[in-house]
>>> print(open('work_8.txt').read())   # compact mmCIF, C-alpha atoms and all ligand atoms
# COMPACT_ATOMS: atom_id res chain seq x y z
CA MET A 1 -46.90 -76.54 46.24
CA SER A 2 -44.54 -79.42 45.39
CA GLN A 3 -45.88 -82.91 45.10
CA VAL A 4 -44.11 -83.99 48.29
CA SER A 5 -45.47 -81.13 50.41
CA ARG A 6 -48.94 -81.72 49.00
CA GLN A 7 -48.75 -85.35 50.07
CA VAL A 8 -47.61 -84.30 53.55
CA ALA A 9 -50.45 -81.79 53.78
CA ARG A 10 -52.95 -84.41 52.79
CA ARG A 11 -51.63 -86.93 55.27
CA SER A 12 -51.60 -84.49 58.19
CA ALA A 13 -55.08 -83.05 57.47
CA PRO A 14 -57.52 -83.78 60.32
CA PRO A 15 -60.32 -86.25 59.56
CA ARG A 16 -63.21 -84.16 58.27
CA ARG A 17 -66.48 -84.10 60.22
CA ARG A 18 -66.42 -87.84 60.46
CA THR A 19 -68.16 -87.97 63.83
CA ALA A 20 -71.05 -85.73 62.83
CA ARG A 21 -71.68 -87.63 59.60
CA ARG A 22 -71.31 -91.12 60.92
CA ARG A 23 -75.01 -91.95 60.92
CA ALA A 24 -77.04 -89.22 59.26
CA ALA A 25 -76.85 -89.22 55.47
CA THR A 26 -76.25 -85.96 53.60
CA THR A 27 -78.95 -84.63 51.28
CA GLU A 28 -76.68 -85.47 48.33
CA ALA A 29 -76.27 -89.04 49.52
CA ILE A 30 -80.04 -89.47 49.89
CA VAL A 31 -80.68 -87.98 46.45
CA GLU A 32 -78.03 -90.26 44.98
CA ARG A 33 -79.40 -93.41 46.56
CA ILE A 34 -83.00 -92.75 45.59
CA ALA A 35 -82.03 -91.74 42.04
CA THR A 36 -79.94 -94.88 41.65
CA ALA A 37 -82.75 -97.08 42.98
CA ILE A 38 -85.13 -95.47 40.44
CA ALA A 39 -82.62 -95.95 37.59
CA GLU A 40 -82.09 -99.57 38.56
CA HIS A 41 -85.86 -100.13 38.59
CA ARG A 42 -85.92 -101.04 42.28
CA LEU A 43 -88.34 -98.16 42.85
CA PRO A 44 -90.89 -98.42 40.02
CA PRO A 45 -92.72 -95.41 38.56
CA GLY A 46 -95.54 -94.30 40.85
CA THR A 47 -93.94 -95.55 44.10
CA LYS A 48 -94.84 -93.32 47.03
CA LEU A 49 -91.82 -91.79 48.73
CA GLY A 50 -92.98 -90.84 52.22
CA GLU A 51 -90.91 -88.25 54.08
CA GLU A 52 -91.25 -90.07 57.34
CA ALA A 53 -90.28 -93.46 55.93
CA LEU A 54 -87.26 -91.94 54.16
CA GLY A 55 -86.29 -90.08 57.32
CA GLU A 56 -86.23 -93.36 59.22
CA ILE A 57 -84.34 -95.25 56.53
CA PHE A 58 -81.62 -92.62 56.24
CA GLY A 59 -81.58 -91.52 59.88
CA VAL A 60 -82.49 -87.91 59.06
CA SER A 61 -85.27 -85.45 59.86
CA ARG A 62 -88.38 -85.15 57.69
CA THR A 63 -87.11 -81.71 56.64
CA LYS A 64 -83.96 -83.21 55.22
CA ALA A 65 -85.90 -86.00 53.51
CA ARG A 66 -88.16 -83.29 52.00
CA GLN A 67 -85.11 -81.37 50.74
CA ALA A 68 -83.89 -84.51 48.98
CA LEU A 69 -87.34 -85.05 47.42
CA HIS A 70 -87.40 -81.46 46.15
CA ARG A 71 -84.02 -81.95 44.53
CA LEU A 72 -85.25 -85.13 42.84
CA ALA A 73 -88.33 -83.24 41.67
CA THR A 74 -86.12 -80.60 40.05
CA ASP A 75 -84.51 -83.42 38.07
CA LYS A 76 -88.04 -84.64 37.21
CA LEU A 77 -87.35 -88.04 38.73
CA VAL A 78 -89.94 -87.39 41.42
CA THR A 79 -93.37 -85.79 41.17
CA LEU A 80 -94.68 -83.76 44.11
CA LEU A 81 -98.46 -83.77 44.46
CA PRO A 82 -100.18 -81.28 46.76
CA HIS A 83 -101.66 -82.98 49.85
CA ARG A 84 -100.56 -86.39 48.60
CA GLY A 85 -96.77 -86.28 48.80
CA ALA A 86 -93.90 -87.43 46.61
CA PHE A 87 -93.96 -90.23 44.04
CA VAL A 88 -91.45 -91.70 41.61
CA ALA A 89 -92.23 -89.97 38.30
CA GLN A 90 -94.61 -91.85 36.07
CA PRO A 91 -94.90 -90.50 32.55
CA THR A 92 -98.08 -91.93 31.09
CA VAL A 93 -98.07 -94.40 28.23
CA LEU A 94 -99.75 -91.74 26.06
CA GLU A 95 -97.07 -89.17 26.89
CA ALA A 96 -94.31 -91.65 26.07
CA ARG A 97 -95.93 -92.49 22.71
CA GLU A 98 -96.33 -88.81 21.85
CA VAL A 99 -92.74 -87.94 22.72
CA PHE A 100 -91.44 -90.73 20.51
CA GLU A 101 -93.82 -89.86 17.70
CA ALA A 102 -92.53 -86.28 17.72
CA ARG A 103 -88.95 -87.54 17.61
CA ARG A 104 -89.74 -89.81 14.67
CA VAL A 105 -91.09 -86.82 12.77
CA LEU A 106 -88.07 -84.59 13.45
CA GLU A 107 -85.00 -86.73 13.67
CA PRO A 108 -84.84 -88.15 10.15
CA ALA A 109 -84.67 -84.59 8.82
CA VAL A 110 -81.98 -83.67 11.36
CA VAL A 111 -79.89 -86.73 10.46
CA ALA A 112 -80.25 -86.09 6.72
CA ARG A 113 -79.10 -82.53 7.26
CA PHE A 114 -76.14 -83.63 9.36
CA VAL A 115 -74.95 -86.20 6.77
CA ASP A 116 -74.65 -83.26 4.37
CA VAL A 117 -72.63 -80.98 6.61
CA ALA A 118 -70.69 -83.26 9.01
CA THR A 119 -66.97 -82.45 9.30
CA PRO A 120 -64.26 -84.97 10.32
CA ASP A 121 -63.96 -83.16 13.67
CA GLN A 122 -67.68 -83.55 14.32
CA ILE A 123 -67.53 -87.24 13.49
CA GLU A 124 -64.61 -87.52 15.92
CA THR A 125 -66.77 -85.82 18.58
CA LEU A 126 -69.49 -88.43 18.00
CA LEU A 127 -66.97 -91.27 18.26
CA GLU A 128 -65.64 -89.91 21.55
CA HIS A 129 -69.19 -89.56 22.82
CA HIS A 130 -69.92 -93.14 21.78
CA ALA A 131 -66.88 -94.32 23.79
CA ARG A 132 -68.36 -92.63 26.87
CA GLU A 133 -71.71 -94.40 26.29
CA GLN A 134 -69.90 -97.72 26.14
CA ALA A 135 -67.99 -96.98 29.34
CA ALA A 136 -71.19 -96.07 31.23
CA ILE A 137 -72.94 -99.22 30.02
CA ALA A 138 -69.92 -101.40 30.90
CA THR A 139 -69.94 -100.10 34.49
CA ASN A 140 -73.74 -100.52 34.79
CA ASP A 141 -74.19 -96.81 35.48
CA ALA A 142 -77.79 -96.70 34.25
CA ARG A 143 -78.28 -92.99 34.82
CA ALA A 144 -75.09 -91.94 33.05
CA ALA A 145 -75.87 -94.38 30.24
CA GLN A 146 -79.36 -92.96 29.64
CA ARG A 147 -78.07 -89.39 29.79
CA LEU A 148 -75.34 -90.12 27.27
CA LEU A 149 -77.58 -92.18 24.97
CA GLY A 150 -80.01 -89.28 24.83
CA TRP A 151 -77.30 -86.69 24.44
CA PHE A 152 -75.97 -88.45 21.34
CA HIS A 153 -79.12 -87.35 19.49
CA VAL A 154 -78.86 -83.79 20.83
CA LEU A 155 -75.22 -83.59 19.71
CA ILE A 156 -76.20 -84.52 16.16
CA ALA A 157 -78.98 -81.93 16.18
CA GLU A 158 -76.63 -79.25 17.50
CA MET A 159 -73.96 -80.05 14.95
CA ALA A 160 -76.48 -80.22 12.09
CA GLY A 161 -76.69 -76.46 12.39
CA ASN A 162 -80.39 -75.61 12.84
CA ARG A 163 -80.67 -74.14 16.32
CA VAL A 164 -84.47 -74.24 16.44
CA LEU A 165 -84.51 -77.94 15.62
CA ALA A 166 -81.75 -78.53 18.18
CA ASP A 167 -83.75 -76.74 20.89
CA VAL A 168 -86.93 -78.68 20.18
CA LEU A 169 -85.04 -81.94 20.06
CA ARG A 170 -83.18 -81.22 23.31
CA GLU A 171 -86.50 -80.85 25.10
CA LEU A 172 -87.88 -84.03 23.53
CA VAL A 173 -84.74 -86.00 24.34
CA MET A 174 -84.84 -84.87 27.97
CA ARG A 175 -88.39 -86.13 28.21
CA SER A 176 -87.62 -89.42 26.50
CA SER A 177 -84.47 -89.96 28.63
CA LEU A 178 -86.67 -89.99 31.71
CA ILE A 179 -89.01 -92.43 29.96
CA THR A 180 -86.17 -94.77 28.93
CA LEU A 181 -84.58 -94.47 32.37
CA LEU A 182 -87.84 -95.66 33.90
CA TYR A 183 -88.83 -98.26 31.34
CA GLN A 184 -85.82 -99.47 29.35
CA THR A 185 -83.88 -102.68 30.01
CA THR A 186 -80.05 -102.77 30.15
CA ALA A 187 -79.92 -105.04 27.09
CA ASP A 188 -81.83 -102.38 25.17
CA SER A 189 -79.37 -99.66 26.23
CA ARG A 190 -76.53 -101.78 24.86
CA ARG A 191 -78.36 -102.25 21.57
CA SER A 192 -79.00 -98.50 21.35
CA SER A 193 -75.32 -97.74 21.71
CA GLU A 194 -74.46 -100.30 19.00
CA GLU A 195 -76.92 -98.60 16.67
CA HIS A 196 -75.35 -95.24 17.44
CA ARG A 197 -72.02 -96.65 16.25
CA GLU A 198 -73.64 -97.90 13.01
CA LEU A 199 -75.20 -94.49 12.49
CA ILE A 200 -71.81 -92.78 12.84
CA ALA A 201 -70.44 -95.14 10.17
CA HIS A 202 -73.23 -94.20 7.73
CA ILE A 203 -72.69 -90.51 8.44
CA GLU A 204 -68.96 -90.88 7.86
CA LYS A 205 -69.60 -92.54 4.48
CA ARG A 206 -72.26 -89.92 3.62
CA GLU A 207 -74.85 -92.65 3.18
CA VAL A 208 -77.85 -90.43 3.69
CA GLU A 209 -80.54 -93.00 2.91
CA GLN A 210 -79.08 -95.65 5.20
CA ALA A 211 -78.50 -93.10 7.95
CA VAL A 212 -82.10 -91.83 7.83
CA GLU A 213 -83.48 -95.36 7.66
CA LEU A 214 -81.38 -96.44 10.65
CA ALA A 215 -82.32 -93.34 12.69
CA THR A 216 -86.01 -94.12 12.14
CA ARG A 217 -85.62 -97.84 12.89
CA HIS A 218 -83.58 -96.99 16.00
CA LEU A 219 -86.37 -94.83 17.48
CA GLU A 220 -89.00 -97.43 16.63
CA ARG A 221 -86.97 -100.16 18.30
CA VAL A 222 -86.32 -98.08 21.44
CA GLU A 223 -90.01 -97.29 21.76
CA ALA A 224 -91.09 -100.88 21.10
CA GLY A 225 -88.68 -102.13 23.78
CA LEU A 226 -90.08 -99.96 26.56
CA ALA A 227 -91.94 -101.91 29.19
CA LEU A 228 -94.66 -99.23 29.24
CA ARG A 229 -97.50 -99.99 31.56
CA GLU A 230 -100.32 -98.17 33.21
CA PRO A 231 -100.04 -97.42 36.94
CA SER A 232 -100.03 -100.53 39.11
CA SER A 233 -101.16 -100.73 42.71
CA GLU A 234 -98.16 -102.82 43.72
CA VAL A 235 -96.78 -101.83 47.11
CA VAL A 236 -93.00 -101.43 47.25
CA ASP A 237 -91.02 -101.93 50.42
CA LEU A 238 -88.96 -98.73 50.45
CA LYS A 239 -86.47 -100.00 52.96
CA SER A 240 -85.37 -103.05 51.01
CA ALA A 241 -85.50 -101.17 47.69
CA LEU A 242 -83.13 -98.55 49.06
CA ALA A 243 -80.97 -100.91 51.11
CA ALA A 244 -79.60 -102.60 48.00
CA ALA A 245 -78.24 -99.23 46.88
CA GLY A 246 -76.50 -98.57 50.17
CA ALA A 247 -73.10 -100.08 49.39
CA GLY A 248 -71.57 -97.01 47.80
ZN ZN A 301 -80.29 -93.40 20.42
>>> encode(input="work_8.txt", output="structure tokens", more="lines below")
Ligand SMILES: [Zn+2]
Amino acid sequence: MSQVSRQVARRSAPPRRRTARRRAATTEAIVERIATAIAEHRLPPGTKLGEEALGEIFGVSRTKARQALHRLATDKLVTLLPHRGAFVAQPTVLEAREVFEARRVLEPAVVARFVDVATPDQIETLLEHHAREQAAIATNDARAAQRLLGWFHVLIAEMAGNRVLADVLRELVMRSSLITLLYQTTADSRRSSEEHRELIAHIEKREVEQAVELATRHLERVEAGLALREPSSEVVDLKSALAAAGAG
């Protein structure tokens, strides 16, 4: 199809299902709004997400609200408790400490290994990845930023060439991404990305000692910066927490 005929086709296409979707939100839209509110710390860990309340807020049935909650549970952002309902995930302080401790044990070895074997192409891959981190942070996309910040570590592990270590680290990074998403401040995400850039520079110059030292310090700083706290009994107004996310 030529460009002109494609434009004509687009212009003459009937408006799609606009009437039916005017009020009721799609499951995707509900998932997106709740996930964004969690990432932006408007819905703190442990907040109860009642089906009925969500149904009212989004103008949908309880069934649809439940579908959205199940999707969020698959992404581990929401925990479903039998007979009690759905809650924003709340990794415990102990779990967070253990995940970071395990990373501190493994990652220095992974980084040391990677400094030895890194090719110019792999370093280029890390630089491109770093540019994506920066873009996500610049646009305040907290979820994309946390995903990319975590994935930076997985990339290094994958490229370092030990598949077992890469698998273990992928699992640990997924768990810590949820923890940082829930408990890390934006300023800390920015600092993390800066440290990633420094780490790439050490790898490029084959400075194994500096790279290992920075990787360790980086994990310690990320962990220390988490606003970890035990469950609070604070009651969150779901409607106002989710309303702020409604613009897009
Ligand atoms: Zn990092």
>>> residues_near_ligand(input="work_8.txt", ligand="ligand ZN 301 (chain A)", cutoff="9 Å", atoms="only C-alpha atoms and all ligand atoms", output="count of residues only")
14
>>> closest_residue(input="work_8.txt", among="A:Ile203, A:Leu80, A:Phe87, A:Ala65", to="Thr119 of chain A", atoms="all atoms listed in the file")
A:Ile203
>>> closest_atom_pairs(input="work_8.txt", of="segment 88-152 of chain A", to="segment 71-78 of chain A", cutoff="9 Å", atoms="only C-alpha atoms", output="Markdown table")
| residue | atom | partner | partner_atom | distance |
| --- | --- | --- | --- | --- |
| A:Val88 | CA | A:Val78 | CA | 4.6 |
| A:Ala89 | CA | A:Val78 | CA | 4.7 |
| A:Gln90 | CA | A:Val78 | CA | 8.4 |
>>> write_last_selection(input="work_8.txt", atoms="C-alpha atoms", output="short mmCIF file (atom, residue, chain, number, x, y, z; two decimals), keeping the file's coordinate frame")
data_model
loop_
_atom_site.label_atom_id
_atom_site.label_comp_id
_atom_site.auth_asym_id
_atom_site.auth_seq_id
_atom_site.Cartn_x
_atom_site.Cartn_y
_atom_site.Cartn_z
CA VAL A 88 -91.45 -91.70 41.61
CA ALA A 89 -92.23 -89.97 38.30
CA GLN A 90 -94.61 -91.85 36.07
#
>>> atom_distance(input="work_8.txt", atom1="atom CA of Leu155 of chain A", atom2="atom CA of Asp167 of chain A")
11.0 Å
>>> residues_around(input="work_8.txt", residues="Ala243 of chain A", least_positions_apart="3", cutoff="12 Å", atoms="only C-alpha atoms", output="number ranges by chain")
A: 30, 33-34, 36-37, 42-43, 54, 57-58, 237-240, 246-248
>>> atom_distance(input="work_8.txt", atom1="atom CA of Arg66 of chain A", atom2="atom CA of Asp141 of chain A")
25.5 Å
>>> closest_residue(input="work_8.txt", among="A:Ala86, A:Leu182, A:Val168, A:Ala157", to="Val111 of chain A", atoms="all atoms listed in the file")
A:Ala157
>>> closest_residue(input="work_8.txt", among="A:Ile156, A:Val164, A:Leu169, A:Ala131", to="Ala102 of chain A", atoms="only C-alpha atoms")
A:Leu169
>>> residues_around(input="work_8.txt", residues="Leu214 of chain A", least_positions_apart="2", cutoff="12 Å", atoms="all atoms listed in the file", output="PyMOL selection string")
chain A and resi 104+107-108+111-112+192+194-203+207-212+216-222
>>> decode(input="work_8.txt", residues="segment 21-86 of chain A", atoms="C-alpha atoms", output="short mmCIF file (atom, residue, chain, number, x, y, z; two decimals), in the first residue's frame")
data_model
loop_
_atom_site.label_atom_id
_atom_site.label_comp_id
_atom_site.auth_asym_id
_atom_site.auth_seq_id
_atom_site.Cartn_x
_atom_site.Cartn_y
_atom_site.Cartn_z
CA ARG A 21 -15.60 2.29 25.83
CA ARG A 22 -16.54 5.79 26.77
CA ARG A 23 -16.98 5.11 30.48
CA ALA A 24 -15.86 1.61 31.38
CA ALA A 25 -12.09 1.17 31.55
CA THR A 26 -10.45 -1.83 29.86
CA THR A 27 -8.65 -4.40 32.00
CA GLU A 28 -5.35 -3.16 30.53
CA ALA A 29 -6.15 0.42 31.49
CA ILE A 30 -7.01 -0.60 35.06
CA VAL A 31 -3.82 -2.68 35.35
CA GLU A 32 -1.81 0.23 33.99
CA ARG A 33 -3.28 2.79 36.37
CA ILE A 34 -2.87 0.65 39.47
CA ALA A 35 0.67 -0.37 38.49
CA THR A 36 1.62 3.26 37.89
CA ALA A 37 0.12 4.34 41.21
CA ILE A 38 2.15 1.61 42.96
CA ALA A 39 5.36 2.63 41.13
CA GLU A 40 4.79 6.27 42.02
CA HIS A 41 4.30 5.32 45.67
CA ARG A 42 0.72 6.62 45.76
CA LEU A 43 -0.42 3.14 46.76
CA PRO A 44 2.05 2.00 49.44
CA PRO A 45 2.97 -1.66 50.03
CA GLY A 46 0.22 -3.45 51.94
CA THR A 47 -2.66 -1.25 50.70
CA LYS A 48 -5.87 -3.23 50.35
CA LEU A 49 -7.27 -3.22 46.83
CA GLY A 50 -10.95 -4.07 47.19
CA GLU A 51 -12.73 -5.37 44.09
CA GLU A 52 -15.83 -3.40 44.85
CA ALA A 53 -14.01 -0.13 45.45
CA LEU A 54 -11.99 -0.58 42.25
CA GLY A 55 -15.14 -1.47 40.32
CA GLU A 56 -16.71 1.80 41.42
CA ILE A 57 -13.63 3.90 40.70
CA PHE A 58 -13.20 2.51 37.19
CA GLY A 59 -16.88 2.02 36.39
CA VAL A 60 -16.52 -1.73 35.84
CA SER A 61 -17.91 -4.95 37.31
CA ARG A 62 -16.22 -6.73 40.22
CA THR A 63 -15.32 -9.50 37.78
CA LYS A 64 -13.35 -7.11 35.64
CA ALA A 65 -11.69 -5.55 38.68
CA ARG A 66 -10.75 -9.10 39.78
CA GLN A 67 -9.25 -9.83 36.35
CA ALA A 68 -7.07 -6.74 36.66
CA LEU A 69 -5.96 -7.81 40.16
CA HIS A 70 -5.03 -11.27 38.89
CA ARG A 71 -2.93 -9.73 36.15
CA LEU A 72 -1.14 -7.53 38.70
CA ALA A 73 -0.58 -10.62 40.86
CA THR A 74 1.09 -12.38 37.92
CA ASP A 75 3.51 -9.46 37.77
CA LYS A 76 3.99 -9.84 41.56
CA LEU A 77 2.88 -6.26 42.15
CA VAL A 78 -0.18 -7.49 44.01
CA THR A 79 -0.55 -10.32 46.51
CA LEU A 80 -3.81 -12.28 46.62
CA LEU A 81 -4.67 -13.69 50.05
CA PRO A 82 -7.40 -16.32 50.40
CA HIS A 83 -10.50 -14.93 52.15
CA ARG A 84 -8.81 -11.55 52.64
CA GLY A 85 -8.50 -10.15 49.12
CA ALA A 86 -5.85 -8.29 47.17
#
